[in-house]
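Student: So here's final.pdb, just PDB, C-alpha atoms and all ligand atoms:
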```
ATOM      1  CA  MET A   1      17.567   0.570   4.265
ATOM      2  CA  GLU A   2      19.788  -1.675   2.147
ATOM      3  CA  TYR A   3      17.427  -4.629   2.124
ATOM      4  CA  GLN A   4      19.075  -6.444  -0.797
ATOM      5  CA  LYS A   5      22.443  -6.456   0.921
ATOM      6  CA  ILE A   6      20.863  -7.519   4.200
ATOM      7  CA  ILE A   7      18.942 -10.469   2.761
ATOM      8  CA  ASN A   8      22.001 -11.593   0.777
ATOM      9  CA  THR A   9      24.081 -11.619   3.963
ATOM     10  CA  ILE A  10      21.416 -13.484   5.905
ATOM     11  CA  PHE A  11      20.942 -16.015   3.080
ATOM     12  CA  ASP A  12      24.665 -16.841   3.061
ATOM     13  CA  GLU A  13      24.837 -17.107   6.849
ATOM     14  CA  VAL A  14      21.738 -19.246   7.303
ATOM     15  CA  LYS A  15      22.747 -21.649   4.518
ATOM     16  CA  GLN A  16      25.795 -22.594   6.596
ATOM     17  CA  LEU A  17      23.718 -23.722   9.597
ATOM     18  CA  LYS A  18      24.019 -27.406  10.379
ATOM     19  CA  ASP A  19      20.831 -28.324  12.273
ATOM     20  CA  LYS A  20      18.265 -27.830   9.550
ATOM     21  CA  GLY A  21      15.322 -29.979  10.700
ATOM     22  CA  ASN A  22      13.170 -32.395   8.703
ATOM     23  CA  ILE A  23      10.857 -32.102   5.744
ATOM     24  CA  ALA A  24       7.118 -32.766   6.431
ATOM     25  CA  ASP A  25       6.313 -36.288   5.280
ATOM     26  CA  TYR A  26       2.855 -36.881   6.718
ATOM     27  CA  ILE A  27       1.477 -35.644   3.383
ATOM     28  CA  PRO A  28       3.412 -37.956   0.995
ATOM     29  CA  GLU A  29       3.169 -35.536  -1.946
ATOM     30  CA  LEU A  30       4.884 -32.828   0.123
ATOM     31  CA  ALA A  31       7.790 -35.115   0.963
ATOM     32  CA  LYS A  32       8.774 -35.118  -2.726
ATOM     33  CA  VAL A  33       9.968 -31.504  -2.568
ATOM     34  CA  ASN A  34      13.703 -30.794  -2.766
ATOM     35  CA  ALA A  35      14.618 -30.192   0.873
ATOM     36  CA  ASN A  36      17.487 -27.862  -0.010
ATOM     37  CA  LYS A  37      15.342 -25.147  -1.562
ATOM     38  CA  PHE A  38      15.764 -21.769   0.083
ATOM     39  CA  GLY A  39      14.398 -18.423  -1.016
ATOM     40  CA  ILE A  40      13.715 -14.996   0.477
ATOM     41  CA  ALA A  41      11.603 -12.118  -0.894
ATOM     42  CA  LEU A  42      11.069  -8.771   0.810
ATOM     43  CA  ILE A  43       8.845  -5.966  -0.471
ATOM     44  CA  ASP A  44       9.125  -2.524   1.088
ATOM     45  CA  ASN A  45       6.354   0.044   1.496
ATOM     46  CA  GLU A  46       7.207   1.581  -1.888
ATOM     47  CA  GLN A  47       6.734  -1.843  -3.463
ATOM     48  CA  ASN A  48      10.398  -2.354  -4.282
ATOM     49  CA  ILE A  49      11.139  -6.079  -4.443
ATOM     50  CA  TYR A  50      14.314  -7.585  -2.986
ATOM     51  CA  LYS A  51      14.894 -11.293  -3.390
ATOM     52  CA  THR A  52      17.453 -14.072  -3.359
ATOM     53  CA  GLY A  53      17.697 -17.869  -3.816
ATOM     54  CA  ASP A  54      14.570 -19.747  -4.892
ATOM     55  CA  ALA A  55      12.298 -16.733  -4.335
ATOM     56  CA  ASN A  56      10.336 -17.279  -7.549
ATOM     57  CA  GLU A  57       9.688 -20.975  -7.259
ATOM     58  CA  HIS A  58       6.168 -22.084  -6.322
ATOM     59  CA  PHE A  59       5.711 -24.119  -3.145
ATOM     60  CA  SER A  60       2.774 -25.403  -1.079
ATOM     61  CA  ILE A  61       1.682 -22.601   1.239
ATOM     62  CA  GLN A  62      -0.317 -24.967   3.489
ATOM     63  CA  SER A  63      -1.347 -23.248   6.737
ATOM     64  CA  ILE A  64      -0.380 -19.790   5.490
ATOM     65  CA  SER A  65      -3.657 -20.018   3.556
ATOM     66  CA  LYS A  66      -5.506 -19.867   6.885
ATOM     67  CA  VAL A  67      -4.732 -16.154   7.184
ATOM     68  CA  LEU A  68      -6.240 -15.556   3.755
ATOM     69  CA  SER A  69      -9.418 -17.568   4.318
ATOM     70  CA  THR A  70      -9.915 -15.939   7.726
ATOM     71  CA  ALA A  71      -9.391 -12.439   6.317
ATOM     72  CA  LEU A  72     -11.771 -13.141   3.442
ATOM     73  CA  ILE A  73     -14.597 -14.391   5.621
ATOM     74  CA  PHE A  74     -13.959 -11.611   8.178
ATOM     75  CA  SER A  75     -14.307  -9.013   5.408
ATOM     76  CA  LYS A  76     -17.605 -10.650   4.468
ATOM     77  CA  ILE A  77     -19.330 -11.252   7.831
ATOM     78  CA  GLY A  78     -17.468  -8.947  10.246
ATOM     79  CA  ASN A  79     -17.531  -9.600  13.987
ATOM     80  CA  GLU A  80     -20.194 -12.325  13.652
ATOM     81  CA  LEU A  81     -17.156 -14.483  12.973
ATOM     82  CA  TRP A  82     -16.117 -14.482  16.627
ATOM     83  CA  LYS A  83     -19.283 -16.350  17.610
ATOM     84  CA  ARG A  84     -17.879 -19.389  15.803
ATOM     85  CA  VAL A  85     -14.160 -19.164  16.579
ATOM     86  CA  GLY A  86     -12.061 -17.528  19.298
ATOM     87  CA  PHE A  87      -9.046 -15.215  19.271
ATOM     88  CA  GLU A  88      -6.798 -16.634  21.945
ATOM     89  CA  PRO A  89      -3.471 -18.412  21.425
ATOM     90  CA  SER A  90      -3.825 -22.161  21.916
ATOM     91  CA  GLY A  91      -0.366 -23.078  23.203
ATOM     92  CA  ASN A  92      -0.873 -26.422  21.477
ATOM     93  CA  SER A  93       0.254 -27.962  18.210
ATOM     94  CA  PHE A  94      -1.557 -27.038  14.997
ATOM     95  CA  ASN A  95      -3.600 -30.238  14.785
ATOM     96  CA  SER A  96      -4.434 -30.685  18.464
ATOM     97  CA  LEU A  97      -7.893 -31.876  19.582
ATOM     98  CA  VAL A  98      -7.666 -31.490  23.353
ATOM     99  CA  GLN A  99      -9.183 -28.056  23.996
ATOM    100  CA  LEU A 100     -12.229 -28.622  21.828
ATOM    101  CA  GLU A 101     -14.098 -30.846  24.234
ATOM    102  CA  TYR A 102     -14.013 -28.622  27.291
ATOM    103  CA  GLU A 103     -14.428 -25.490  25.172
ATOM    104  CA  ASN A 104     -17.623 -26.838  23.572
ATOM    105  CA  GLY A 105     -16.459 -27.075  19.978
ATOM    106  CA  ILE A 106     -15.392 -23.422  19.672
ATOM    107  CA  PRO A 107     -11.776 -23.524  18.446
ATOM    108  CA  ARG A 108      -9.357 -21.202  20.231
ATOM    109  CA  ASN A 109      -8.414 -19.324  17.050
ATOM    110  CA  PRO A 110      -8.764 -19.563  13.238
ATOM    111  CA  PHE A 111      -5.141 -20.603  12.592
ATOM    112  CA  ILE A 112      -5.125 -23.950  14.386
ATOM    113  CA  ASN A 113      -6.640 -26.668  12.213
ATOM    114  CA  ALA A 114      -9.846 -26.788  14.272
ATOM    115  CA  GLY A 115     -10.406 -23.070  13.674
ATOM    116  CA  ALA A 116      -9.457 -23.242  10.006
ATOM    117  CA  LEU A 117     -12.065 -25.975   9.530
ATOM    118  CA  VAL A 118     -14.753 -23.709  10.998
ATOM    119  CA  ILE A 119     -13.567 -20.960   8.622
ATOM    120  CA  ALA A 120     -13.787 -23.458   5.731
ATOM    121  CA  ASP A 121     -17.354 -24.218   6.818
ATOM    122  CA  LEU A 122     -18.155 -20.488   6.768
ATOM    123  CA  MET A 123     -16.641 -20.203   3.282
ATOM    124  CA  LEU A 124     -19.098 -22.878   2.106
ATOM    125  CA  GLU A 125     -21.958 -21.075   3.848
ATOM    126  CA  HIS A 126     -21.238 -17.656   2.367
ATOM    127  CA  PHE A 127     -19.871 -18.234  -1.137
ATOM    128  CA  GLU A 128     -21.555 -20.131  -3.921
ATOM    129  CA  ASN A 129     -18.332 -21.469  -5.360
ATOM    130  CA  PRO A 130     -15.841 -20.975  -2.529
ATOM    131  CA  LYS A 131     -12.860 -22.679  -4.209
ATOM    132  CA  GLU A 132     -13.132 -20.497  -7.277
ATOM    133  CA  TYR A 133     -13.808 -17.354  -5.236
ATOM    134  CA  PHE A 134     -10.854 -17.991  -2.934
ATOM    135  CA  LEU A 135      -8.451 -18.590  -5.801
ATOM    136  CA  THR A 136      -9.610 -15.513  -7.695
ATOM    137  CA  PHE A 137      -9.168 -13.394  -4.573
ATOM    138  CA  ILE A 138      -5.613 -14.674  -4.066
ATOM    139  CA  ARG A 139      -4.659 -14.237  -7.713
ATOM    140  CA  GLU A 140      -5.880 -10.658  -7.660
ATOM    141  CA  LEU A 141      -3.999  -9.716  -4.511
ATOM    142  CA  ALA A 142      -0.787 -11.370  -5.663
ATOM    143  CA  GLU A 143      -1.270 -10.102  -9.246
ATOM    144  CA  ASN A 144      -0.428 -13.530 -10.562
ATOM    145  CA  ASN A 145      -2.859 -15.701 -12.506
ATOM    146  CA  THR A 146      -0.543 -18.704 -12.493
ATOM    147  CA  ILE A 147      -1.193 -19.325  -8.781
ATOM    148  CA  ASN A 148      -3.201 -22.525  -8.438
ATOM    149  CA  TYR A 149      -4.343 -25.419  -6.289
ATOM    150  CA  ASN A 150      -2.230 -28.563  -6.479
ATOM    151  CA  GLU A 151      -4.764 -31.376  -6.854
ATOM    152  CA  LYS A 152      -2.172 -34.063  -6.084
ATOM    153  CA  VAL A 153      -1.251 -32.441  -2.778
ATOM    154  CA  ALA A 154      -4.926 -31.979  -1.863
ATOM    155  CA  GLN A 155      -5.632 -35.622  -2.724
ATOM    156  CA  SER A 156      -2.567 -36.837  -0.857
ATOM    157  CA  GLU A 157      -3.686 -34.962   2.242
ATOM    158  CA  ARG A 158      -7.249 -36.274   1.928
ATOM    159  CA  GLU A 159      -5.935 -39.853   1.884
ATOM    160  CA  ASN A 160      -4.042 -39.265   5.123
ATOM    161  CA  GLY A 161      -6.186 -36.647   6.814
ATOM    162  CA  TYR A 162      -7.534 -38.713   9.706
ATOM    163  CA  ARG A 163      -6.884 -36.051  12.333
ATOM    164  CA  ASN A 164      -8.605 -33.319  10.344
ATOM    165  CA  ALA A 165     -11.528 -35.688   9.750
ATOM    166  CA  ALA A 166     -11.691 -36.306  13.494
ATOM    167  CA  LEU A 167     -11.589 -32.564  14.197
ATOM    168  CA  VAL A 168     -14.359 -31.630  11.785
ATOM    169  CA  ASN A 169     -16.650 -34.417  12.979
ATOM    170  CA  PHE A 170     -16.014 -33.572  16.620
ATOM    171  CA  ILE A 171     -16.784 -29.871  16.028
ATOM    172  CA  LYS A 172     -19.928 -30.859  14.146
ATOM    173  CA  SER A 173     -21.103 -32.770  17.209
ATOM    174  CA  PHE A 174     -21.183 -29.362  18.945
ATOM    175  CA  ASN A 175     -23.128 -27.931  15.995
ATOM    176  CA  ASN A 176     -20.315 -25.543  15.061
ATOM    177  CA  ILE A 177     -19.978 -27.073  11.569
ATOM    178  CA  LYS A 178     -23.045 -26.558   9.355
ATOM    179  CA  ASN A 179     -22.045 -28.369   6.150
ATOM    180  CA  HIS A 180     -21.212 -31.990   5.500
ATOM    181  CA  PRO A 181     -17.767 -32.787   7.001
ATOM    182  CA  ASP A 182     -16.526 -34.153   3.645
ATOM    183  CA  ASP A 183     -17.320 -30.854   1.914
ATOM    184  CA  VAL A 184     -15.575 -28.848   4.631
ATOM    185  CA  LEU A 185     -12.502 -31.080   4.423
ATOM    186  CA  ASP A 186     -12.486 -30.806   0.652
ATOM    187  CA  PHE A 187     -12.282 -27.001   0.769
ATOM    188  CA  TYR A 188      -9.692 -27.129   3.564
ATOM    189  CA  PHE A 189      -7.387 -29.566   1.727
ATOM    190  CA  TYR A 190      -7.619 -27.479  -1.427
ATOM    191  CA  GLN A 191      -6.872 -24.212   0.335
ATOM    192  CA  CYS A 192      -3.785 -25.789   1.922
ATOM    193  CA  SER A 193      -2.583 -27.074  -1.459
ATOM    194  CA  ILE A 194      -2.277 -23.618  -3.054
ATOM    195  CA  GLU A 195       1.149 -23.022  -4.512
ATOM    196  CA  MET A 196       2.957 -19.721  -4.996
ATOM    197  CA  SER A 197       6.401 -18.201  -4.655
ATOM    198  CA  CYS A 198       7.994 -16.120  -1.885
ATOM    199  CA  GLU A 199       7.578 -13.071  -4.102
ATOM    200  CA  ASP A 200       3.835 -13.788  -4.564
ATOM    201  CA  LEU A 201       3.413 -14.310  -0.861
ATOM    202  CA  ALA A 202       5.204 -11.096   0.079
ATOM    203  CA  LYS A 203       3.059  -9.232  -2.444
ATOM    204  CA  LEU A 204      -0.147 -10.832  -1.202
ATOM    205  CA  PHE A 205       0.525  -9.962   2.424
ATOM    206  CA  GLN A 206       1.148  -6.289   1.641
ATOM    207  CA  VAL A 207      -2.523  -5.678   2.346
ATOM    208  CA  PHE A 208      -1.938  -6.608   6.004
ATOM    209  CA  ALA A 209       1.095  -4.299   6.258
ATOM    210  CA  ASN A 210      -0.893  -1.466   4.717
ATOM    211  CA  ASN A 211      -3.884  -1.113   7.074
ATOM    212  CA  GLY A 212      -6.091  -3.399   4.980
ATOM    213  CA  ILE A 213      -5.642  -1.436   1.739
ATOM    214  CA  VAL A 214      -4.249  -3.143  -1.379
ATOM    215  CA  PRO A 215      -1.280  -0.852  -2.177
ATOM    216  CA  LYS A 216      -1.580  -0.790  -5.967
ATOM    217  CA  SER A 217      -5.332  -0.575  -6.514
ATOM    218  CA  LYS A 218      -6.024   1.291  -3.204
ATOM    219  CA  PHE A 219      -8.927  -1.107  -2.667
ATOM    220  CA  GLN A 220      -9.896  -1.201   1.022
ATOM    221  CA  PHE A 221     -10.154  -4.936   1.591
ATOM    222  CA  LEU A 222     -10.264  -4.782   5.411
ATOM    223  CA  THR A 223     -11.097  -1.889   7.711
ATOM    224  CA  THR A 224      -8.212  -0.620   9.846
ATOM    225  CA  SER A 225      -9.717  -2.379  12.854
ATOM    226  CA  GLN A 226     -10.170  -5.670  10.964
ATOM    227  CA  CYS A 227      -6.587  -5.485   9.729
ATOM    228  CA  LYS A 228      -5.362  -4.915  13.287
ATOM    229  CA  ARG A 229      -7.237  -8.027  14.377
ATOM    230  CA  ILE A 230      -5.827 -10.265  11.648
ATOM    231  CA  ASN A 231      -2.319  -9.033  12.475
ATOM    232  CA  ALA A 232      -2.922  -9.606  16.184
ATOM    233  CA  LEU A 233      -3.964 -13.179  15.389
ATOM    234  CA  MET A 234      -0.805 -13.710  13.353
ATOM    235  CA  GLN A 235       1.233 -12.409  16.269
ATOM    236  CA  MET A 236      -0.464 -14.585  18.885
ATOM    237  CA  CYS A 237      -1.321 -17.709  16.916
ATOM    238  CA  GLY A 238       0.723 -17.745  13.687
ATOM    239  CA  PHE A 239       3.252 -20.294  14.932
ATOM    240  CA  TYR A 240       1.072 -22.419  17.224
ATOM    241  CA  ASP A 241       3.035 -23.552  20.278
ATOM    242  CA  GLN A 242       6.051 -21.586  19.038
ATOM    243  CA  ALA A 243       4.170 -18.268  18.749
ATOM    244  CA  GLY A 244       5.747 -16.984  21.949
ATOM    245  CA  GLU A 245       9.244 -17.815  20.748
ATOM    246  CA  PHE A 246       8.599 -16.224  17.358
ATOM    247  CA  THR A 247       7.358 -13.042  19.026
ATOM    248  CA  PHE A 248      10.283 -13.122  21.457
ATOM    249  CA  LYS A 249      12.952 -13.599  18.789
ATOM    250  CA  VAL A 250      11.486 -11.958  15.686
ATOM    251  CA  GLY A 251       8.899  -9.473  16.944
ATOM    252  CA  LEU A 252       6.646  -9.384  13.874
ATOM    253  CA  PRO A 253       3.217 -10.841  13.089
ATOM    254  CA  GLY A 254       3.634 -13.834  10.804
ATOM    255  CA  LYS A 255       2.408 -17.230   9.681
ATOM    256  CA  SER A 256       4.051 -20.519   8.824
ATOM    257  CA  GLY A 257       3.043 -23.585   6.830
ATOM    258  CA  VAL A 258       4.333 -27.162   6.788
ATOM    259  CA  GLY A 259       5.436 -26.663   3.175
ATOM    260  CA  GLY A 260       8.287 -24.654   4.732
ATOM    261  CA  GLY A 261       6.941 -21.194   3.981
ATOM    262  CA  VAL A 262       6.982 -18.371   6.497
ATOM    263  CA  VAL A 263       5.581 -14.902   5.904
ATOM    264  CA  ALA A 264       5.888 -11.916   8.224
ATOM    265  CA  ILE A 265       4.808  -8.317   8.049
ATOM    266  CA  PHE A 266       6.206  -5.110   9.494
ATOM    267  CA  PRO A 267       3.229  -2.731   9.191
ATOM    268  CA  ASN A 268       4.043   0.352   7.122
ATOM    269  CA  TYR A 269       7.582  -0.921   6.379
ATOM    270  CA  TYR A 270       7.736  -4.267   4.611
ATOM    271  CA  THR A 271       6.468  -7.787   4.060
ATOM    272  CA  VAL A 272       8.869 -10.710   3.885
ATOM    273  CA  ALA A 273       8.479 -14.334   2.831
ATOM    274  CA  VAL A 274      10.953 -17.174   3.252
ATOM    275  CA  TRP A 275      10.778 -20.715   1.931
ATOM    276  CA  SER A 276      12.881 -23.624   3.120
ATOM    277  CA  PRO A 277      11.153 -27.019   3.476
ATOM    278  CA  LYS A 278      13.028 -28.410   6.480
ATOM    279  CA  LEU A 279      10.958 -27.920   9.629
ATOM    280  CA  ASN A 280      11.841 -27.739  13.305
ATOM    281  CA  LYS A 281      10.084 -29.928  15.880
ATOM    282  CA  LYS A 282       7.131 -27.513  16.096
ATOM    283  CA  GLY A 283       6.485 -27.790  12.351
ATOM    284  CA  ASN A 284       7.903 -24.377  11.417
ATOM    285  CA  SER A 285      10.629 -23.780   8.819
ATOM    286  CA  TYR A 286      14.011 -23.907  10.518
ATOM    287  CA  TYR A 287      15.751 -21.591   8.057
ATOM    288  CA  GLY A 288      12.636 -19.444   7.870
ATOM    289  CA  LEU A 289      12.738 -18.606  11.557
ATOM    290  CA  GLU A 290      16.518 -18.161  11.568
ATOM    291  CA  THR A 291      16.215 -15.770   8.622
ATOM    292  CA  LEU A 292      13.549 -13.617  10.220
ATOM    293  CA  GLU A 293      15.317 -13.463  13.571
ATOM    294  CA  ARG A 294      18.424 -12.176  11.800
ATOM    295  CA  LEU A 295      16.378  -9.704   9.748
ATOM    296  CA  THR A 296      14.883  -7.889  12.742
ATOM    297  CA  THR A 297      18.205  -8.110  14.619
ATOM    298  CA  ILE A 298      20.305  -6.617  11.812
ATOM    299  CA  THR A 299      17.773  -3.907  10.945
ATOM    300  CA  GLU A 300      17.196  -3.221  14.669
ATOM    301  CA  ALA A 301      13.505  -2.815  13.941
ATOM    302  CA  SER A 302      10.403  -4.790  14.841
ATOM    303  CA  ILE A 303       6.905  -3.861  16.002
ATOM    304  CA  PHE A 304       8.259  -3.814  19.546
TER     305      PHE A 304
HETATM  306  O1  LIG B 401      -3.901 -29.669   8.176
HETATM  307  C1  LIG B 401      -2.769 -29.971   7.821
HETATM  308  O2  LIG B 401      -2.198 -30.888   8.351
HETATM  309  C2  LIG B 401      -2.033 -29.194   6.734
HETATM  310  N1  LIG B 401      -2.707 -29.221   5.507
HETATM  311  C3  LIG B 401      -1.700 -27.795   7.121
HETATM  312  C4  LIG B 401      -0.842 -27.783   8.301
HETATM  313  C5  LIG B 401       0.128 -26.686   8.397
HETATM  314  O3  LIG B 401       0.658 -26.133   7.450
HETATM  315  C6  LIG B 401       0.496 -26.405   9.784
HETATM  316  N2  LIG B 401       1.503 -25.404   9.865
HETATM  317  N3  LIG B 401       2.578 -25.301  10.230
END
```
How does this structure look as structure tokens?
Ligand code: DON
Tutor:
Amino acid sequence: MEYQKIINTIFDEVKQLKDKGNIADYIPELAKVNANKFGIALIDNEQNIYKTGDANEHFSIQSISKVLSTALIFSKIGNELWKRVGFEPSGNSFNSLVQLEYENGIPRNPFINAGALVIADLMLEHFENPKEYFLTFIRELAENNTINYNEKVAQSERENGYRNAALVNFIKSFNNIKNHPDDVLDFYFYQCSIEMSCEDLAKLFQVFANNGIVPKSKFQFLTTSQCKRINALMQMCGFYDQAGEFTFKVGLPGKSGVGGGVVAIFPNYYTVAVWSPKLNKKGNSYYGLETLERLTTITEASIF
């Protein structure tokens, strides 16, 4: 497949689109990003890298980090995880509180904020220095030691994170948060602040396209069954209340973040990451979704 030609064509087409959405400004530090950035990186199953635009510039991965924290804790504690968090799509926005009360503090899935906060709590329970452990894990998988937390972004989110504070306290009232809410929020804001490029992200997610095995080292990070489950979660919950539309139009498991990043995987074929900071009304990258819809349309291949 001529992936380089395909992503070049898509890049040129998508750049012409008029309705490009709005940059996230509820975290003031994020609003400082140049809204016109646009990059694509695709890595095939032989680890060839195809890229265009701002594919090597670091950006805030935000909620994409939820896949990584979930996978890490799942690899550590296995199916015990599902006692604390569910695996159903929520059909609600990423920071919604409504389901928690009548579902007794068990978040629908680990990719909505409520679920990611429970995962953050589990990270504190199971790792002595979770921030350091998480970063080391990500650096190893992406083979890039320059990947780091952005303290300013984490701080900026902490100063404005009233909804996440409400969520973590509410879940704690159901006894589904074990640590102090401030400590859970601290890990969560840091994990969201991680910065990397489209190329790093595509490389990192290869493990999910390769049955849980890191392609280069052959390290089995997740079992085949665990990998299936993480991918199923990405398919059902990766885009919140737009997960159905993403599945309908793109047909790949994926995850978005309010920094404008989107990553998707085609198991046994490729991983692809797109970055463009302007978001649609559901908080997902406008260009990102347009790019991926074109990719599976032009290549006539998706998991369906
Ligand atoms: O919790 C928040 O508001 C952010 N740090 C992460 C949100 C996010 O990326 C949602 N995804 N589209």
Student: Go through the shown structure with the PyMOL selection byres (((chain A and resi 77) around 12) and not hetatm) and write out the matching residues as a list in words.
Tutor: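 Selection result, ordered by chain and number: Thr70, Ala71, Leu72, Ile73, Phe74, Ser75, Lys76, Gly78, Asn79, Glu80, Leu81, Trp82, Lys83, Arg84, Ile119, Leu122, Met123, Glu125, His126, Phe127, Leu222 and Gln226 of chain A.
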Student: Evaluate the PyMOL selection byres (((chain A and resi 47-52) around 8) and not hetatm) against this structure - the residues, as a list of chain:residue names, please.
Tutor: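 Against this file, the PyMOL selection byres (((chain A and resi 47-52) around 8) and not hetatm) returns the residues A:Tyr3, A:Gln4, A:Ile7, A:Asn8, A:Phe11, A:Gly39, A:Ile40, A:Ala41, A:Leu42, A:Ile43, A:Asp44, A:Asn45, A:Glu46, A:Gly53, A:Asp54, A:Ala55, A:Glu199.
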Student: Can you check which parts of chain A lie within 6 Å of ligand LIG 401 (chain B)? Per residue, the shortest pair of atoms and distance in Å to one decimal, counting all atoms listed in the file, sorted by chain and number, as a Markdown table.
Tutor:
```
| residue | atom | partner | partner_atom | distance |
| --- | --- | --- | --- | --- |
| A:Gln62 | CA | B:LIG401 | O3 | 4.2 |
| A:Ser63 | CA | B:LIG401 | O3 | 3.6 |
| A:Phe94 | CA | B:LIG401 | C6 | 5.6 |
| A:Asn113 | CA | B:LIG401 | O1 | 5.7 |
| A:Cys192 | CA | B:LIG401 | N1 | 5.1 |
| A:Ser256 | CA | B:LIG401 | N3 | 5.2 |
| A:Gly257 | CA | B:LIG401 | O3 | 3.5 |
| A:Val258 | CA | B:LIG401 | O3 | 3.9 |
| A:Gly283 | CA | B:LIG401 | N3 | 5.1 |
| A:Asn284 | CA | B:LIG401 | N3 | 5.5 |
```
Student: Kindly assemble as CSV a list of the stretch 167-267 of chain A residues that lie within 12 Å of stretch 148-154 of chain A, each paired with its nearest atom pair and their distance in Å to one decimal, using all atoms listed in the file, sorted first by chain and then by ascending residue number.
Tutor:
```
residue,atom,partner,partner_atom,distance
A:Leu185,CA,A:Ala154,CA,9.9
A:Asp186,CA,A:Ala154,CA,8.1
A:Phe187,CA,A:Ala154,CA,9.3
A:Tyr188,CA,A:Ala154,CA,8.7
A:Phe189,CA,A:Ala154,CA,5.0
A:Tyr190,CA,A:Ala154,CA,5.3
A:Gln191,CA,A:Tyr149,CA,7.2
A:Cys192,CA,A:Ala154,CA,7.3
A:Ser193,CA,A:Asn150,CA,5.2
A:Ile194,CA,A:Tyr149,CA,4.2
A:Glu195,CA,A:Asn148,CA,5.9
A:Met196,CA,A:Asn148,CA,7.6
A:Ser197,CA,A:Asn148,CA,11.2
A:Asp200,CA,A:Asn148,CA,11.9
A:Gly259,CA,A:Val153,CA,10.7
```
Student: Hey, which bits of stretch 56-148 of chain A sit within 6 Å of stretch 240-243 of chain A, and for each residue what's the closest pair of atoms and how far apart in Å (one decimal), counting all atoms listed in the file, rows by chain and increasing number, as a tab-separated table?
Tutor:
```
residue	atom	partner	partner_atom	distance
A:Gly91	CA	A:Asp241	CA	4.5
A:Asn92	CA	A:Asp241	CA	5.0
A:Ser93	CA	A:Asp241	CA	5.6
A:Phe94	CA	A:Tyr240	CA	5.8
```
